[in-house]
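Trainee: First the structure, which I've put down as structure tokens, then a few questions once you've had a look.
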Amino acid sequence: MKLHHLLMGTALALVLPVAATAQSLPEGPYIGAQIGVSWLQDLDLKTATTTAKVNPKETIASVLETGYQFGDGLRLGVEGGFSIHQVDTISPNLGNPIGDVTTFTLMGVVQKEFDTGSAFRPYVSAGLGWGWVDTDNVGPVFTAPYYSNAAQDNFAYQLGVGVAYALASDLDLTIGYRYQGIDDLKFKNETPTYKSNYSSHSVLIGVRTVFGAAPEKAVPATTVVSPPPPPPAPAPAPVAAPAPTITRNFTVFFDWDRSTLSADAQQVLQNVARDAKAGKVVQINVAGHADTSGPTDYNQKLSQRRAEAVREYLASQGLPSNQIAVEAKGETDLLVPTADGIREPSNRRAVIVFP
């Protein structure tokens with residue numbers, strides 16, 4: 001078995017069994033584009049009696065991709081790649097080397113990304129498909145007056161490794177390495193006939209976006225109601241009517257990595273303002289919280305922004321901002337205890353208390 005066949009089998013064996021790893025990526029169709037630098041290994045053009053070793057220069061390579069992303073980090077797609085390598089040297093040297101080698105590939109690709117609890121997700125990938133190689137005026141080879149102008153295609157394969165960085169929930173920046181090979185290119189219509197193999201290495205950077213991804217289901221904003229105070233003891237003489245019963249503890253929830261108030265959260269804060277005015281409350285405490293996904297220092301600042309967003313909205317409802325105290329809890333005091341790196345909607349909250 002050839003080495004590259006062994007590598008392909010190993011990569012697929014690594015990718016497919018881990019497809020069920022728990023992860024919370026948006027699911028849906030995707031498109032992307034990549035660009036980078038490609039290095040083509042020497043092309044050995046072999047006739048029955050001689051070999052011409054063509055050494056190409058590095059060049060720019062481009063890739064377009066599309067497919068479907070699953071929420072567990074598995075990605076099934078199709079990639080089209082293109083590159084043009086100019087000839088640098090030819091051995092044996094029969095004259096001034098010229099020409100270029102154009103390559104186009106079309107691959108079915110399986111990729112697996114691994115959740116790290118942060119915006120960075122390493123990945124491995126493998127692809128099978130077809131490749132087309134065109135030698136345009138490459139020479140001189142074999143004999144001084146001969147220049148290769150031939151096109152040939154055959155089975156192609158690729159292996160890749162890299163990392164994706166989430167710029168947003170549906171937009172990734174990617175950077176990675178890709179090895180690509182095309183075996184047994186037989187140029188039968190040339191005189192003399194010859195054959196060659198194709199191997200390239202690329203470093204690519206790209207962007208990729210997911211369409212139609214269902215937004216993460218938000219936990220509805222709820223009001224935590226304190227039990228009503230006990231009824232006043234009966235008195236022989238008439239007494240004034242008791243003050244209106246008000247709620248003194250409220251909670252609003254936020255989307256992942258957001259400090260923007262939803263419509264439900266704004267409705268809860270309108271109730272906060274109403275009860276604060278009815279109860280003549282002069283002090284309000286607001287505590288912002290975050291879940292454990294992302295760095296600890298980032299979550300501390302995010303919980304601060306959530307608490308300040310609540311204070312600004314209450315001020316817009318007529319409550320004096322100097323009577324609203326805010327604090328940031330970060331990842332501490334979780335409503336639902338979780339391990340580090342878990343996106344738990346119930347922990348992305350702000351708690352409002354009338355002390």
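Just so we're on the same page: first chain in the structure tokens is A, next is B, and so on; residues restart at 1 for each chain, and ligands are numbered from 1 in the order they show up.
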Which residues are close to A:Thr245, i.e. within 9 Å by only C-alpha atoms, leaving aside same-chain residues fewer than 4 positions away? Reply as number ranges by chain.

Mentor: A: 228-229, 275, 278-279

Trainee: Taking only C-alpha atoms into account, which of A:Ala166, A:Gly81, A:Ala119, A:Pro234 comes nearest A:Gln180?

Mentor: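 Nearest candidate to A:Gln180 out of A:Ala166, A:Gly81, A:Ala119, A:Pro234: A:Gly81.
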
Trainee: Excluding stretch 132-140 of chain A and any residue of its chain fewer than 3 positions from it, enumerate the residues within 6 Å of it, using only C-alpha atoms, and give them as a list in words.

Mentor: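 Selected residues are Leu94, Pro97, Ile98, Gly99, Asp100, Val101, Thr102, Thr103, Phe104, Ala144, Tyr146, Tyr147, Ser148, Asn149, Ala150, Ala151, Gln152 and Asp153 of chain A.
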
Trainee: Just the residues within 8 Å of A:Gly318, please, counting only C-alpha atoms, with nothing from its chain fewer than 3 positions along; format it as a list in words.

Mentor: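 Skipping anything fewer than 3 positions along the chain leaves Ala273, Leu314 and Ala315 of chain A.
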
Trainee: Figure out the distance between atom CA of A:His289 and atom CA of A:Arg349, please, to one decimal in Å.

Mentor: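 Computed distance, atom CA of A:Arg349 to atom CA of A:His289, equals 5.3 Å.
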
Trainee: Considering only C-alpha atoms, can you say which of A:Pro56, A:Pro122, A:Pro92, A:Gly77 comes closest to A:Tyr198?

Mentor: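 Once distances to A:Tyr198 are computed over only C-alpha atoms, the minimum belongs to A:Pro56.
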